[in-house]
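S.K.: Following this line is upload-v4.csv, made up of CSV, C-alpha atoms and all ligand atoms:
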```csv
chain,number,residue,atom,x,y,z
I,1,MET,CA,164.6,-8.7,7.9
I,2,SER,CA,165.4,-12.4,8.3
I,3,ASP,CA,166.0,-12.9,4.6
I,4,VAL,CA,169.7,-11.8,5.1
I,5,LYS,CA,171.2,-14.8,3.3
I,6,THR,CA,174.4,-16.3,4.8
I,7,SER,CA,177.0,-16.8,2.0
I,8,GLN,CA,179.8,-19.2,2.9
I,9,LYS,CA,182.8,-17.1,1.8
I,10,SER,CA,182.3,-14.0,3.9
I,11,VAL,CA,180.9,-15.5,7.1
I,12,ARG,CA,182.8,-15.0,10.4
I,13,GLN,CA,181.7,-16.7,13.6
I,14,VAL,CA,181.3,-14.1,16.3
I,15,GLU,CA,180.5,-14.6,20.0
I,16,ILE,CA,177.9,-12.1,21.0
I,17,GLU,CA,177.2,-11.6,24.7
I,18,ILE,CA,174.0,-9.7,25.5
I,19,LEU,CA,172.8,-8.3,28.8
I,20,ARG,CA,169.4,-9.8,29.4
I,21,TYR,CA,166.7,-8.7,31.9
I,22,ASN,CA,163.1,-9.6,32.2
I,23,PRO,CA,161.4,-7.5,34.9
I,24,ASP,CA,158.8,-10.2,35.6
I,25,THR,CA,161.3,-13.0,36.3
I,26,ASP,CA,164.7,-11.6,36.9
I,27,GLU,CA,166.1,-10.0,40.1
I,28,LYS,CA,169.1,-8.7,38.2
I,29,PRO,CA,170.3,-8.5,34.6
I,30,TYR,CA,172.6,-11.3,33.4
I,31,PHE,CA,174.7,-12.0,30.3
I,32,GLN,CA,173.7,-14.5,27.7
I,33,THR,CA,176.0,-15.6,24.9
I,34,TYR,CA,175.2,-16.4,21.3
I,35,GLN,CA,177.3,-17.8,18.4
I,36,VAL,CA,176.4,-15.7,15.3
I,37,PRO,CA,177.6,-16.4,11.8
I,38,CYS,CA,178.2,-12.8,10.7
I,39,GLN,CA,178.5,-11.6,7.2
I,40,GLU,CA,181.1,-9.2,5.9
I,41,GLU,CA,178.6,-6.4,5.3
I,42,TRP,CA,176.6,-6.8,8.5
I,43,VAL,CA,176.2,-4.0,11.0
I,44,ILE,CA,175.6,-4.9,14.7
I,45,LEU,CA,171.9,-4.5,14.3
I,46,ASP,CA,171.9,-7.3,11.6
I,47,ALA,CA,173.6,-9.6,14.0
I,48,VAL,CA,171.1,-8.8,16.8
I,49,ASN,CA,168.3,-9.4,14.2
I,50,TYR,CA,169.8,-12.7,13.4
I,51,ILE,CA,169.7,-13.7,17.0
I,52,LYS,CA,166.1,-12.6,17.3
I,53,ASP,CA,165.0,-14.4,14.1
I,54,ASN,CA,167.0,-17.6,14.5
I,55,LEU,CA,168.3,-18.2,18.0
I,56,ASP,CA,166.2,-16.5,20.6
I,57,ARG,CA,162.8,-14.9,20.0
I,58,SER,CA,162.5,-13.5,23.5
I,59,LEU,CA,165.3,-11.0,22.9
I,60,SER,CA,163.8,-7.4,23.1
I,61,TYR,CA,165.3,-4.3,21.6
I,62,ARG,CA,164.2,-1.2,19.7
I,63,TRP,CA,165.0,-0.5,16.1
I,64,SER,CA,163.2,0.9,13.0
I,65,CYS,CA,164.9,2.5,10.1
I,66,HIS,CA,168.3,0.7,9.8
I,67,MET,CA,169.8,3.9,8.3
I,68,ALA,CA,170.8,6.1,11.2
I,69,VAL,CA,167.7,8.3,11.0
I,70,CYS,CA,165.2,7.0,13.6
I,71,GLY,CA,167.7,7.0,16.5
I,72,SER,CA,166.1,4.0,18.2
I,73,CYS,CA,168.8,1.3,18.0
I,74,GLY,CA,171.4,2.8,20.4
I,75,MET,CA,173.2,0.2,22.5
I,76,MET,CA,176.5,-0.1,24.4
I,77,VAL,CA,178.7,-2.1,22.1
I,78,ASN,CA,182.0,-3.2,23.8
I,79,GLY,CA,181.4,-0.4,26.3
I,80,GLU,CA,180.9,2.3,23.7
I,81,PRO,CA,177.5,4.0,23.1
I,82,THR,CA,176.8,3.0,19.5
I,83,LEU,CA,174.0,3.2,17.0
I,84,SER,CA,173.8,-0.5,16.2
I,85,CYS,CA,172.8,0.2,12.5
I,86,HIS,CA,175.8,2.4,12.1
I,87,ALA,CA,178.7,0.1,13.2
I,88,PHE,CA,180.0,-2.7,11.1
I,89,VAL,CA,180.7,-6.1,12.7
I,90,ARG,CA,183.8,-6.5,10.5
I,91,ASP,CA,185.4,-3.6,12.5
I,92,MET,CA,184.8,-5.5,15.8
I,93,PRO,CA,186.7,-8.3,17.5
I,94,ASP,CA,185.5,-11.9,17.5
I,95,LYS,CA,183.8,-11.3,20.8
I,96,ILE,CA,181.2,-8.5,21.1
I,97,THR,CA,179.5,-7.4,24.3
I,98,ILE,CA,176.2,-5.6,23.9
I,99,GLU,CA,174.4,-3.9,26.8
I,100,PRO,CA,171.5,-1.4,27.0
I,101,LEU,CA,172.5,2.3,26.9
I,102,GLU,CA,174.2,3.3,30.1
I,103,ASN,CA,172.8,5.9,32.5
I,104,PHE,CA,169.2,4.8,31.8
I,105,PRO,CA,167.1,2.3,33.7
I,106,ILE,CA,166.6,-1.0,31.9
I,107,ALA,CA,163.0,-1.8,31.0
I,108,ARG,CA,163.7,-5.2,29.3
I,109,ASP,CA,166.8,-6.6,27.7
I,110,LEU,CA,168.3,-3.8,25.5
I,111,ILE,CA,165.3,-1.5,25.9
I,112,VAL,CA,165.8,1.4,28.3
I,113,ASP,CA,163.3,3.6,29.9
I,114,MET,CA,163.4,6.9,28.1
I,115,ASP,CA,160.7,8.8,29.9
I,116,GLY,CA,163.2,11.0,31.8
I,117,PHE,CA,165.0,11.9,28.5
I,118,VAL,CA,161.7,13.0,26.9
I,119,GLU,CA,160.8,15.0,29.9
I,120,LYS,CA,164.2,16.8,29.8
I,121,LEU,CA,163.7,17.5,26.1
I,122,SER,CA,160.3,19.1,26.7
I,123,SER,CA,161.6,21.0,29.8
I,124,VAL,CA,163.6,23.4,27.5
I,125,LYS,CA,160.5,24.4,25.6
I,126,PRO,CA,161.8,23.2,22.2
I,127,TYR,CA,159.5,25.2,19.9
I,128,ILE,CA,159.5,28.7,18.5
I,129,ASN,CA,158.5,31.3,21.0
I,130,ALA,CA,157.8,34.1,18.6
I,131,ALA,CA,157.5,37.6,19.9
I,132,GLU,CA,154.2,38.0,18.3
I,133,GLU,CA,151.8,35.4,17.0
I,134,LYS,CA,151.0,35.9,13.4
I,135,THR,CA,147.7,35.0,11.8
I,136,VAL,CA,147.6,32.9,8.6
I,137,GLU,CA,146.8,36.0,6.6
I,138,GLN,CA,149.9,37.8,8.0
I,139,GLY,CA,152.0,35.1,6.4
I,140,THR,CA,155.0,33.0,7.5
I,141,TYR,CA,157.9,33.7,9.7
I,142,GLN,CA,160.7,34.3,7.2
I,143,GLN,CA,164.3,33.5,7.5
I,144,LEU,CA,167.4,34.0,5.3
I,145,PRO,CA,169.6,31.0,4.4
I,146,GLU,CA,172.5,32.6,6.4
I,147,GLN,CA,170.3,32.7,9.5
I,148,LEU,CA,169.4,29.1,9.0
I,149,GLN,CA,173.1,28.1,8.8
I,150,LEU,CA,173.7,29.5,12.3
I,151,TYR,CA,171.7,26.7,14.0
I,152,LYS,CA,171.2,24.0,11.3
I,153,GLN,CA,173.8,21.7,12.8
I,154,TYR,CA,171.7,21.5,16.0
I,155,THR,CA,168.6,20.5,14.2
I,156,GLN,CA,170.2,17.2,13.1
I,157,CYS,CA,169.7,15.4,16.4
I,158,ILE,CA,167.8,12.1,16.1
I,159,ASN,CA,167.3,11.7,19.9
I,160,CYS,CA,169.4,8.5,20.0
I,161,MET,CA,170.5,9.2,23.6
I,162,LEU,CA,174.1,8.1,22.9
I,163,CYS,CA,175.3,11.4,24.3
I,164,TYR,CA,173.5,10.8,27.6
I,165,SER,CA,175.1,7.4,27.8
I,166,ALA,CA,178.6,8.8,27.2
I,167,CYS,CA,178.3,11.6,29.7
I,168,PRO,CA,180.0,10.8,33.1
I,169,GLN,CA,178.1,13.8,34.7
I,170,MET,CA,174.9,12.1,33.7
I,171,ALA,CA,176.0,8.9,35.5
I,172,LEU,CA,176.7,10.8,38.7
I,173,ASN,CA,173.6,13.1,38.6
I,174,ASP,CA,170.6,11.9,36.6
I,175,GLY,CA,168.9,15.3,37.2
I,176,PHE,CA,171.3,16.8,34.7
I,177,VAL,CA,169.3,18.2,31.8
I,178,GLY,CA,171.9,16.7,29.5
I,179,PRO,CA,173.6,17.2,26.1
I,180,ALA,CA,170.8,16.7,23.6
I,181,ALA,CA,168.2,18.8,25.4
I,182,LEU,CA,170.7,21.7,26.0
I,183,ALA,CA,171.7,21.5,22.3
I,184,LEU,CA,168.1,21.6,21.4
I,185,ALA,CA,167.6,24.7,23.5
I,186,HIS,CA,170.6,26.3,21.8
I,187,ARG,CA,169.1,25.5,18.4
I,188,TYR,CA,166.0,27.5,19.3
I,189,ASN,CA,167.9,30.3,21.0
I,190,LEU,CA,169.9,30.8,17.8
I,191,ASP,CA,166.9,30.8,15.6
I,192,SER,CA,166.2,34.3,14.3
I,193,ARG,CA,162.4,33.7,14.5
I,194,ASP,CA,162.6,32.8,18.2
I,195,LYS,CA,162.4,35.2,21.1
I,196,GLY,CA,162.2,32.6,23.9
I,197,ARG,CA,165.7,32.6,25.3
I,198,GLU,CA,164.7,34.1,28.6
I,199,VAL,CA,161.8,31.6,29.0
I,200,ARG,CA,164.3,28.7,28.6
I,201,GLU,CA,166.8,30.2,30.9
I,202,ASP,CA,165.3,28.9,34.1
I,203,VAL,CA,166.1,25.4,33.0
I,204,VAL,CA,169.0,25.9,30.7
I,205,ALA,CA,171.1,28.3,32.9
I,206,SER,CA,170.4,26.4,36.1
I,207,ASN,CA,172.8,24.2,38.1
I,208,ALA,CA,171.1,21.2,36.6
I,209,GLY,CA,171.5,22.7,33.1
I,210,ILE,CA,174.7,24.1,31.5
I,211,TRP,CA,176.5,24.5,34.8
I,212,GLU,CA,176.4,20.8,35.6
I,213,CYS,CA,178.5,20.2,32.5
I,214,SER,CA,182.3,20.1,33.1
I,215,PHE,CA,183.1,19.8,29.4
I,216,VAL,CA,184.3,16.2,29.2
I,217,GLY,CA,183.2,16.4,25.5
I,218,ALA,CA,182.3,12.7,25.3
I,219,CYS,CA,178.8,13.6,24.0
I,220,SER,CA,180.2,15.2,20.9
I,221,GLU,CA,182.6,12.3,20.3
I,222,VAL,CA,179.9,9.7,20.2
I,223,CYS,CA,177.2,11.7,18.4
I,224,PRO,CA,176.4,9.9,15.1
I,225,LYS,CA,175.0,13.1,13.6
I,226,HIS,CA,177.8,15.5,14.4
I,227,VAL,CA,175.4,17.7,16.4
I,228,ASP,CA,178.3,18.6,18.8
I,229,PRO,CA,176.2,19.2,21.9
I,230,ALA,CA,179.4,20.0,23.9
I,231,ALA,CA,179.8,23.1,21.6
I,232,ALA,CA,176.2,24.1,22.2
I,233,ILE,CA,176.6,23.9,25.9
I,234,GLN,CA,179.9,25.9,26.0
I,235,GLN,CA,178.4,28.6,23.8
I,236,THR,CA,175.3,28.8,26.1
I,237,LYS,CA,177.6,29.1,29.1
I,238,ILE,CA,179.3,32.1,27.5
I,239,ALA,CA,176.0,33.7,26.6
I,240,ALA,CA,174.7,33.1,30.1
I,241,THR,CA,177.8,34.6,31.6
I,242,GLY,CA,177.4,37.7,29.4
I,243,ASP,CA,173.7,38.0,30.6
I,244,TYR,CA,174.9,37.8,34.2
I,245,PHE,CA,177.3,40.7,33.8
I,246,LYS,CA,174.8,42.7,31.7
I,247,LYS,CA,172.5,42.6,34.7
I,248,PHE,CA,175.0,44.7,36.6
I,249,LEU,CA,176.1,46.9,33.8
I,250,MET,CA,172.7,47.7,32.5
I,251,PRO,CA,170.3,47.5,35.5
I,252,TRP,CA,167.6,49.5,33.7
I,253,LYS,CA,167.2,46.5,31.3
I,254,ASN,CA,166.4,44.2,34.2
I,255,ALA,CA,163.6,46.5,35.4
I,256,GLN,CA,162.0,46.3,31.9
I,257,LYS,CA,162.5,42.5,31.6
I,258,GLY,CA,161.5,41.7,35.2
I,259,GLN,CA,157.9,42.6,34.6
I,260,ALA,CA,157.4,41.3,31.1
I,261,PRO,CA,157.9,37.5,31.6
I,262,GLU,CA,155.9,37.3,34.8
I,263,GLY,CA,152.9,39.0,33.3
I,264,GLY,CA,153.3,37.0,30.1
I,265,ASP,CA,153.5,33.6,31.8
I,266,GLN,CA,150.4,33.8,33.9
Z,267,MET,CA,168.4,-1.7,42.0
Z,268,LYS,CA,164.9,-2.6,40.9
Z,269,LEU,CA,162.4,0.2,40.6
Z,270,THR,CA,158.7,-0.2,41.5
Z,271,ASN,CA,157.8,-0.3,37.9
Z,272,GLY,CA,160.1,-3.1,37.3
Z,273,ASN,CA,162.9,-1.1,35.6
Z,274,TYR,CA,166.5,-2.0,36.7
Z,275,VAL,CA,169.0,0.8,37.5
Z,276,ARG,CA,172.6,-0.2,37.2
Z,277,PRO,CA,174.7,1.3,39.9
Z,278,PRO,CA,177.3,3.8,38.5
Z,279,ALA,CA,181.0,3.2,39.0
Z,280,ARG,CA,181.4,6.2,41.3
Z,281,TYR,CA,185.2,6.1,41.7
Z,282,SER,CA,186.6,4.2,38.8
Z,283,TRP,CA,184.6,5.5,35.9
Z,284,TRP,CA,187.5,7.7,34.6
Z,285,LEU,CA,189.7,4.6,34.1
Z,286,ARG,CA,187.2,2.9,31.8
Z,287,GLN,CA,187.8,4.9,28.7
Z,288,GLY,CA,190.6,6.9,27.2
Z,289,ARG,CA,188.4,10.0,26.8
Z,290,TYR,CA,187.5,10.0,30.4
Z,291,PHE,CA,191.1,9.5,31.4
Z,292,ARG,CA,192.2,12.4,29.3
Z,293,TYR,CA,189.5,14.6,30.8
Z,294,MET,CA,190.7,13.7,34.3
Z,295,MET,CA,194.3,14.5,33.4
Z,296,ARG,CA,193.2,17.9,32.1
Z,297,GLU,CA,191.4,18.5,35.4
Z,298,LEU,CA,194.4,17.3,37.4
Z,299,SER,CA,196.7,19.6,35.4
Z,300,SER,CA,194.8,22.6,36.9
Z,301,LEU,CA,196.6,21.7,40.2
Z,302,PHE,CA,199.9,22.1,38.5
Z,303,VAL,CA,198.8,25.3,36.9
Z,304,GLY,CA,198.2,26.5,40.5
Z,305,ILE,CA,201.6,25.3,41.7
Z,306,PHE,CA,203.2,27.1,38.7
Z,307,SER,CA,201.4,30.3,39.5
Z,308,ILE,CA,202.6,30.2,43.1
Z,309,ILE,CA,206.2,29.6,41.9
Z,310,MET,CA,205.8,32.5,39.5
Z,311,ILE,CA,204.5,34.9,42.2
Z,312,CYS,CA,207.4,33.9,44.5
Z,313,GLY,CA,209.9,34.4,41.6
Z,314,LEU,CA,208.5,37.8,40.8
Z,315,TYR,CA,208.9,38.8,44.5
Z,316,GLN,CA,212.5,37.6,44.5
Z,317,LEU,CA,213.1,39.5,41.3
Z,318,SER,CA,211.9,42.7,42.9
Z,319,GLN,CA,214.6,42.1,45.6
Z,320,GLY,CA,217.4,42.1,43.1
Z,321,GLU,CA,219.2,39.9,40.6
Z,322,ALA,CA,221.3,38.0,43.1
Z,323,GLN,CA,218.2,37.0,45.1
Z,324,PHE,CA,216.4,35.9,41.9
Z,325,THR,CA,219.3,33.8,40.7
Z,326,ALA,CA,219.6,32.2,44.1
Z,327,PHE,CA,215.9,31.4,44.0
Z,328,THR,CA,215.9,29.8,40.6
Z,329,SER,CA,219.0,27.8,41.2
Z,330,SER,CA,217.8,26.5,44.6
Z,331,LEU,CA,214.4,25.7,42.9
Z,332,TRP,CA,216.2,23.7,40.2
Z,333,ASN,CA,218.7,22.0,42.6
Z,334,ASN,CA,216.1,20.9,45.1
Z,335,PHE,CA,212.9,20.6,43.2
Z,336,TRP,CA,213.9,19.9,39.6
Z,337,TRP,CA,211.5,17.0,39.5
Z,338,LEU,CA,208.6,19.2,40.5
Z,339,SER,CA,209.6,21.7,37.7
Z,340,VAL,CA,209.7,18.9,35.1
Z,341,ILE,CA,206.3,17.5,36.2
Z,342,THR,CA,204.8,21.0,36.4
Z,343,PHE,CA,206.1,21.9,33.0
Z,344,LEU,CA,204.6,18.7,31.5
Z,345,PHE,CA,201.2,19.2,33.1
Z,346,VAL,CA,201.0,22.9,32.3
Z,347,THR,CA,201.9,22.1,28.7
Z,348,TYR,CA,199.2,19.4,28.6
Z,349,HIS,CA,196.8,21.9,30.2
Z,350,SER,CA,197.3,24.5,27.5
Z,351,TYR,CA,197.2,21.9,24.7
Z,352,SER,CA,194.0,20.3,26.0
Z,353,TRP,CA,192.2,23.6,26.2
Z,354,PHE,CA,193.5,24.9,22.9
Z,355,ILE,CA,192.1,21.8,21.0
Z,356,VAL,CA,188.6,22.5,22.3
Z,357,THR,CA,188.5,26.2,21.6
Z,358,PRO,CA,186.5,25.8,18.3
Z,359,LYS,CA,183.6,24.5,20.4
Z,360,ALA,CA,183.3,27.7,22.5
Z,361,MET,CA,184.4,30.0,19.6
Z,362,PRO,CA,182.3,29.3,16.5
Z,363,LEU,CA,183.9,31.9,14.3
Z,364,ARG,CA,182.3,32.7,11.0
Z,365,PHE,CA,183.9,34.5,8.1
Z,366,SER,CA,181.7,36.0,5.3
Z,367,GLY,CA,178.8,33.8,6.3
Z,368,LYS,CA,180.9,30.5,6.4
Z,369,LYS,CA,182.0,28.6,9.5
Z,370,VAL,CA,185.8,28.8,10.0
Z,371,ALA,CA,187.2,25.3,10.1
Z,372,PRO,CA,188.1,24.1,13.6
Z,373,TRP,CA,191.7,23.3,12.6
Z,374,ILE,CA,192.3,27.0,11.7
Z,375,ILE,CA,191.1,28.1,15.1
Z,376,ILE,CA,193.2,25.5,16.9
Z,377,GLY,CA,196.2,26.2,14.6
Z,378,ALA,CA,196.0,30.0,15.2
Z,379,HIS,CA,196.0,29.4,19.0
Z,380,MET,CA,198.9,26.9,18.8
Z,381,ILE,CA,201.0,29.3,16.7
Z,382,LEU,CA,200.3,32.2,19.0
Z,383,TRP,CA,201.2,30.0,21.9
Z,384,LEU,CA,204.5,29.1,20.3
Z,385,ILE,CA,205.3,32.7,19.4
Z,386,CYS,CA,204.6,33.9,23.0
Z,387,SER,CA,206.7,31.1,24.4
Z,388,ILE,CA,209.7,31.8,22.1
Z,389,PHE,CA,209.4,35.5,22.9
Z,390,ILE,CA,209.3,34.9,26.7
Z,391,TRP,CA,212.2,32.4,26.4
Z,392,PHE,CA,214.2,34.9,24.4
Z,393,ILE,CA,213.6,37.7,27.0
Z,394,PHE,CA,214.5,35.3,29.8
Z,395,THR,CA,217.7,34.0,28.3
Z,396,ASN,CA,218.9,37.3,26.9
Z,397,GLY,CA,218.0,39.2,30.0
Z,398,GLY,CA,220.2,36.7,32.0
Z,399,ALA,CA,223.1,37.1,29.6
Z,400,GLN,CA,223.3,40.9,29.9
O,501,LIG,S1,172.9,15.1,20.2
O,501,LIG,FE1,173.8,13.4,18.9
O,501,LIG,S2,174.1,11.7,20.4
O,501,LIG,FE2,172.8,13.2,21.4
O,501,LIG,S3,170.7,12.4,21.1
O,501,LIG,FE3,171.1,13.9,19.4
O,501,LIG,S4,172.0,12.7,17.7
O,501,LIG,FE4,172.1,11.4,19.5
```
Please express what this file holds, its structure, as structure tokens.
M.R.:
Amino acid sequence: MSDVKTSQKSVRQVEIEILRYNPDTDEKPYFQTYQVPCQEEWVILDAVNYIKDNLDRSLSYRWSCHMAVCGSCGMMVNGEPTLSCHAFVRDMPDKITIEPLENFPIARDLIVDMDGFVEKLSSVKPYINAAEEKTVEQGTYQQLPEQLQLYKQYTQCINCMLCYSACPQMALNDGFVGPAALALAHRYNLDSRDKGREVREDVVASNAGIWECSFVGACSEVCPKHVDPAAAIQQTKIAATGDYFKKFLMPWKNAQKGQAPEGGDQ
Amino acid sequence: MKLTNGNYVRPPARYSWWLRQGRYFRYMMRELSSLFVGIFSIIMICGLYQLSQGEAQFTAFTSSLWNNFWWLSVITFLFVTYHSYSWFIVTPKAMPLRFSGKKVAPWIIIGAHMILWLICSIFIWFIFTNGGAQ
């Protein structure tokens, strides 16, 4: 990627300040400043790549696709959770501050520890829990285009974690299941082929799940793929509230359900 | 704070986080506005009680409220208006309406709420002012 040529006419000198941290030698993170000749068409990731290629080889960060698909280059850019391949330098001031995504432990420089995030994603059982397993001979689980449209938006998540960085609830309680995982649960709950809503409920409808969300809505504002996790969470809250009242109005249904999951889970 | 595996955890800004970004500030104002919705409800209940005691009592109550606490009325009005506005603009998130298989555009849902809000307000205003005139 270092073959990005610097053409004289469109170059702007930008001061980029990056939060550095080496777990082997540093007690605390510290800022390091670089002068970067940025081109008109560069995104933040190009500027960071320039630093890595030309100014400081020790700088560590994640990136892969450079086209807002892989979700790995999320960083705090001037305090805003940003996909660094998705934000032009020309829209930024002459001084840019880059930090690792907030609300995550820093592993090294701009690399954060995402183990907790991955655990949260898997805690909502993000796969189709079909009512009955089909054999290959029995064919596929079919779905109409209208049924797909109901949840398609929630399948667009690229696991960039920007929503976790933007969420102030996450900052105060890192046990919160969080926007992307709850949106993922909603995606499966809305899928006509899935029957696993009750299995997910222990995590999703818990205090650490949807009820930890106070609807700040920051997750949806920063999401680069317009997944709108805040919408998923509010809709799940409404569904869970409906379930709660149904328990009282239709007690005979509880008796039927009460036995099935326990027996099925063992 | 350094974890045993070498990862560094940045301490969160426990008390000042809501001043860092416009969206957090707007959220906190929405939460704060609930306090004024509470104040407004108490005033309403008192007003209804005074109304049940007769017109003279009610008029005395409203004029004493305005003469002594006009500033509270103004602040309450502003916050209650902001409260309604801030919730109406997020309604499409909780209300994903679909019409003949297509998602209804968020601005239609917000607009419908705003128009209904305006009609209700004008209606109540009309009853209130006309009721007083007769
Ligand atoms: S929901 Fe949006 S912001 Fe959150 S991880 Fe997925 S793509 Fe990123």
S.K.: Using only C-alpha atoms and all ligand atoms, which of I:Phe117, I:Phe31, I:Tyr21, I:Tyr127 sits nearest ligand LIG 501 (chain O)?
M.R.: I:Phe117
S.K.: Can you pull out the residues contacting Lys368 of chain Z? Cut-off 9 Å, using only C-alpha atoms, and skip same-chain residues under 4 positions away; I want them as a PDB file with C-alpha atoms, in the frame of the given file.
M.R.:
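Below you can see result.pdb, which holds the result:
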```pdb
ATOM      1  CA  GLU I 146     172.500  32.600   6.400  1.00  0.00           C
ATOM      2  CA  GLN I 149     173.100  28.100   8.800  1.00  0.00           C
TER       3      GLN I 149
ATOM      4  CA  LEU Z 363     183.900  31.900  14.300  1.00  0.00           C
ATOM      5  CA  ARG Z 364     182.300  32.700  11.000  1.00  0.00           C
TER       6      ARG Z 364
END
```
S.K.: Select, from Z:Phe389, Z:Phe302, Z:Tyr281, Z:Phe324, the residue with the minimum atom-to-atom distance to chain I, counting only C-alpha atoms.
M.R.: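 The closest residue to chain I is Z:Tyr281.
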S.K.: Near chain I, meaning an atom within 10 Å, which residues of chain Z appear when counting all atoms listed in the file? Write them as a PyMOL selection string.
M.R.: chain Z and resi 267-269+271-280+283-284+286-287+289-294+296-297+356-362+364+366-369
S.K.: Quick check, in Å to one decimal: how far apart do atom CA of Cys65 of chain I and atom CA of Pro100 of chain I lie?
M.R.: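 Here the two named atoms are 18.6 Å from each other.
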S.K.: From the list I:Cys213, I:Ile158, I:Val36, I:Leu249, which residue is nearest ligand LIG 501 (chain O) when using all atoms listed in the file?
M.R.: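 Answer, going by the shortest atom-to-atom distance: I:Ile158.
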S.K.: Go through the chains and note each residue within 8 Å of ligand LIG 501 (chain O), using all atoms listed in the file, then give the set as a PyMOL selection string.
M.R.: chain I and resi 71+154+156-164+179-181+183+219-220+222-229
S.K.: Identify the residues around (178.7, 2.2, 17.3) within a radius of 9 Å, measuring from all atoms listed in the file in the coordinates stated by the file, and give them as a VMD selection string.
M.R.: chain I and resid 44 74 to 77 80 to 88 222 224
S.K.: Could you check the closest approach to Leu55 of chain I for each of I:Ser206, I:Thr135, I:Thr33, I:Gln39 and tell me which residue wins, using all atoms listed in the file?
M.R.: I:Thr33
S.K.: Measure the distance from atom CA of Ala208 of chain I to atom CA of Arg193 of chain I in Å and round it to one decimal.
M.R.: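 For atom CA of Ala208 of chain I relative to atom CA of Arg193 of chain I, the distance reads 26.8 Å.
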S.K.: Determine the nearest neighbour of Lys95 of chain I from the options I:Glu137, I:Glu17, I:Asp109, I:Asp194, counting only C-alpha atoms.
M.R.: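 Under the stated criterion, the closest residue is I:Glu17.
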S.K.: With 9 Å as the threshold, what does the neighbourhood of (164.1, -3.0, 16.1) contain in terms of residues, counting only C-alpha atoms? Coordinates are those of the file; answer as an mmCIF file with C-alpha atoms, in the frame of the given file.
M.R.:
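Result saved to selection_28.cif:
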```cif
data_model
loop_
_atom_site.group_PDB
_atom_site.id
_atom_site.type_symbol
_atom_site.label_atom_id
_atom_site.label_comp_id
_atom_site.auth_asym_id
_atom_site.auth_seq_id
_atom_site.Cartn_x
_atom_site.Cartn_y
_atom_site.Cartn_z
ATOM 1 C CA LEU I 45 171.900 -4.500 14.300
ATOM 2 C CA ASN I 49 168.300 -9.400 14.200
ATOM 3 C CA SER I 60 163.800 -7.400 23.100
ATOM 4 C CA TYR I 61 165.300 -4.300 21.600
ATOM 5 C CA ARG I 62 164.200 -1.200 19.700
ATOM 6 C CA TRP I 63 165.000 -0.500 16.100
ATOM 7 C CA SER I 64 163.200 0.900 13.000
ATOM 8 C CA CYS I 65 164.900 2.500 10.100
ATOM 9 C CA HIS I 66 168.300 0.700 9.800
ATOM 10 C CA SER I 72 166.100 4.000 18.200
ATOM 11 C CA CYS I 73 168.800 1.300 18.000
#
```
S.K.: Please compute the atom CA of Leu190 of chain I-atom CA of Gln143 of chain I distance, one decimal, in Å.
M.R.: 12.0 Å
S.K.: Pop segment 321-328 of chain Z out of the structure in the block and write N, CA, C and O atoms as a PDB file, in the first residue's frame.
M.R.:
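As written to disk, decode.pdb reads:
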```pdb
ATOM      1  N   GLU Z 321     -64.998  27.535  39.445  1.00  0.00           N
ATOM      2  CA  GLU Z 321     -64.260  28.379  38.498  1.00  0.00           C
ATOM      3  C   GLU Z 321     -63.393  29.415  39.208  1.00  0.00           C
ATOM      4  O   GLU Z 321     -62.239  29.639  38.836  1.00  0.00           O
ATOM      5  N   ALA Z 322     -63.939  30.020  40.258  1.00  0.00           N
ATOM      6  CA  ALA Z 322     -63.197  31.075  40.961  1.00  0.00           C
ATOM      7  C   ALA Z 322     -61.897  30.535  41.538  1.00  0.00           C
ATOM      8  O   ALA Z 322     -60.825  31.135  41.390  1.00  0.00           O
ATOM      9  N   GLN Z 323     -62.005  29.366  42.143  1.00  0.00           N
ATOM     10  CA  GLN Z 323     -60.831  28.728  42.755  1.00  0.00           C
ATOM     11  C   GLN Z 323     -59.767  28.418  41.686  1.00  0.00           C
ATOM     12  O   GLN Z 323     -58.584  28.643  41.883  1.00  0.00           O
ATOM     13  N   PHE Z 324     -60.254  27.915  40.554  1.00  0.00           N
ATOM     14  CA  PHE Z 324     -59.339  27.551  39.463  1.00  0.00           C
ATOM     15  C   PHE Z 324     -58.630  28.793  38.905  1.00  0.00           C
ATOM     16  O   PHE Z 324     -57.417  28.791  38.691  1.00  0.00           O
ATOM     17  N   THR Z 325     -59.397  29.859  38.700  1.00  0.00           N
ATOM     18  CA  THR Z 325     -58.801  31.097  38.167  1.00  0.00           C
ATOM     19  C   THR Z 325     -57.788  31.649  39.166  1.00  0.00           C
ATOM     20  O   THR Z 325     -56.697  32.095  38.781  1.00  0.00           O
ATOM     21  N   ALA Z 326     -58.107  31.583  40.432  1.00  0.00           N
ATOM     22  CA  ALA Z 326     -57.172  32.070  41.455  1.00  0.00           C
ATOM     23  C   ALA Z 326     -55.887  31.242  41.425  1.00  0.00           C
ATOM     24  O   ALA Z 326     -54.772  31.787  41.509  1.00  0.00           O
ATOM     25  N   PHE Z 327     -56.058  29.930  41.248  1.00  0.00           N
ATOM     26  CA  PHE Z 327     -54.889  29.029  41.205  1.00  0.00           C
ATOM     27  C   PHE Z 327     -53.983  29.344  40.018  1.00  0.00           C
ATOM     28  O   PHE Z 327     -52.776  29.518  40.165  1.00  0.00           O
ATOM     29  N   THR Z 328     -54.595  29.470  38.826  1.00  0.00           N
ATOM     30  CA  THR Z 328     -53.777  29.721  37.622  1.00  0.00           C
ATOM     31  C   THR Z 328     -53.105  31.098  37.701  1.00  0.00           C
ATOM     32  O   THR Z 328     -51.935  31.227  37.347  1.00  0.00           O
TER      33      THR Z 328
END
```
